[in-house]
Amino acid sequence: MANFNVHLSGAASSSSVVAVLGVNANVMDFSHAPWLIFLGIVGGMLPDVDAVNSKPVRLLFNILALLSVTAVLSALKSYVTSYQLLVLAAGIYWLTRYLVLASLARFTVHRGIFHSVLALLFFSLLIVCVSNYAFKQNAVYAWLNGFFLGFGFLVHLLLDEMYSVDLSNRRMKKSFGTALKLFNYKNLPSSALMALLTIFFYWATPSLSSLSAVAQYGFGFLLF
């Protein structure tokens with residue numbers, strides 16, 4: 001499997017290229033590019049979210065905790081006092097950084113449910129909903145957020161599969177096929193639960209009519 005530096009540089013470089021193409025195609029503003037590249041990098045780290053004992057994953061959870069706090073505060077700042085916001089921020093950060101991480105360590109295995117196309121769709125649609133409802137972004141940019149996160153996620157899966165091929169000895173390593181799979185075949189209950197949540201987030205996303213520009217951009221990139 002590819003190491004952290006490979007995943008980080010792969011997600012950063014590929015997301016940067018896609019962002020430049022998007023700006024040149026007038027799909028998005030230049031000012032949004034850094035944020036979208038950042039989401040691509042986060043997506044490039046997400047499949048290893050279950051490797052809970054590694055420093056990169058602890059860094060990732062610090063980032064996810066801060067994003068969770070920002071999302072919750074953005075959604076509730078008009079309804080609670082400053083003191084309540086402070087207490088809420090501390091609680092959300094602790095829950096995300098420590099409780100969720102501990103739960104992953106207890107109930108998941110590396111290269112399980114999170115190394116799958118299903119997880120890619122789950123996280124992509126989740127960030128679309130969070131962007132639209134919590135961050136109050138318009139539908140196009142919400143979908144762009146999901147696109148970049150999912151793109152970085154896909155780059156990670158592809159890199160792991162590429163590193164599972166031993167070109168020198170012309171053989172497949174035992175890890176081949178464990179990174180890029182549709183869902184976790186060994187744990188059907190967890191896959192079914194994630195599938196249900198993915199369907200829910202898809203139902204909650206903003207209208208697909210606003211996705212036309214994003215879709216055209218995506219097809220244009222593939223043709224390029």
# chains A, B, ... in the order shown; residues from 1 in each chain; ligands from 1
>>> residues_around(residues="range 70-73 of chain A", least_positions_apart="6", cutoff="7 Å", atoms="only C-alpha atoms", output="ChimeraX atom specification")
/A:85,134-135
>>> write_last_selection(atoms="N, CA and C atoms", output="PDB file, in the first residue's frame")
ATOM      1  N   LEU A  85     -22.317  28.626  22.831  1.00  0.00           N
ATOM      2  CA  LEU A  85     -21.506  28.266  21.668  1.00  0.00           C
ATOM      3  C   LEU A  85     -20.145  27.723  22.092  1.00  0.00           C
ATOM      4  N   ALA A 134     -25.295  23.438   6.790  1.00  0.00           N
ATOM      5  CA  ALA A 134     -24.571  24.032   7.915  1.00  0.00           C
ATOM      6  C   ALA A 134     -23.788  25.264   7.485  1.00  0.00           C
ATOM      7  N   PHE A 135     -23.036  25.163   6.376  1.00  0.00           N
ATOM      8  CA  PHE A 135     -22.223  26.279   5.921  1.00  0.00           C
ATOM      9  C   PHE A 135     -22.992  27.246   5.025  1.00  0.00           C
TER      10      PHE A 135
END
>>> closest_atom_pairs(of="range 42-151 of chain A", to="range 26-34 of chain A", cutoff="9 Å", atoms="only C-alpha atoms", output="tab-separated table")
residue	atom	partner	partner_atom	distance
A:Val140	CA	A:Met28	CA	9.0
A:Tyr141	CA	A:Met28	CA	7.9
A:Leu144	CA	A:Met28	CA	8.6
>>> write_last_selection(atoms="C-alpha atoms", output="PDB file, in the first residue's frame")
ATOM      1  CA  VAL A 140     -23.241  24.229  -6.934  1.00  0.00           C
ATOM      2  CA  TYR A 141     -20.463  24.811  -4.422  1.00  0.00           C
ATOM      3  CA  LEU A 144     -18.186  20.865  -5.767  1.00  0.00           C
TER       4      LEU A 144
END
>>> residues_around(residues="Leu8 in chain A", least_positions_apart="3", cutoff="7 Å", atoms="only C-alpha atoms", output="mmCIF file with C-alpha atoms, in the first residue's frame")
data_model
loop_
_atom_site.group_PDB
_atom_site.id
_atom_site.type_symbol
_atom_site.label_atom_id
_atom_site.label_comp_id
_atom_site.auth_asym_id
_atom_site.auth_seq_id
_atom_site.Cartn_x
_atom_site.Cartn_y
_atom_site.Cartn_z
ATOM 1 C CA PHE A 4 1.174 8.683 3.929
ATOM 2 C CA ASN A 5 3.523 10.953 1.963
ATOM 3 C CA ALA A 11 -4.216 14.026 -3.376
ATOM 4 C CA ALA A 12 -2.698 17.522 -3.224
ATOM 5 C CA ILE A 41 -6.425 16.417 0.514
ATOM 6 C CA GLY A 44 -7.129 11.581 0.200
#
>>> atom_distance(atom1="CA of Val49 in chain A", atom2="CA of Phe114 in chain A")
7.4 Å
>>> closest_atom_pairs(of="range 22-56 of chain A", to="range 123-129 of chain A", cutoff="12 Å", atoms="only C-alpha atoms", output="tab-separated table")
residue	atom	partner	partner_atom	distance
A:Leu36	CA	A:Ile127	CA	11.7
A:Leu39	CA	A:Ile127	CA	9.5
A:Gly40	CA	A:Ser124	CA	10.6
A:Val42	CA	A:Phe123	CA	10.7
A:Gly43	CA	A:Phe123	CA	8.4
A:Gly44	CA	A:Phe123	CA	11.6
A:Met45	CA	A:Phe123	CA	11.9
A:Leu46	CA	A:Phe123	CA	8.7
A:Pro47	CA	A:Phe123	CA	10.0
A:Val49	CA	A:Phe123	CA	11.8
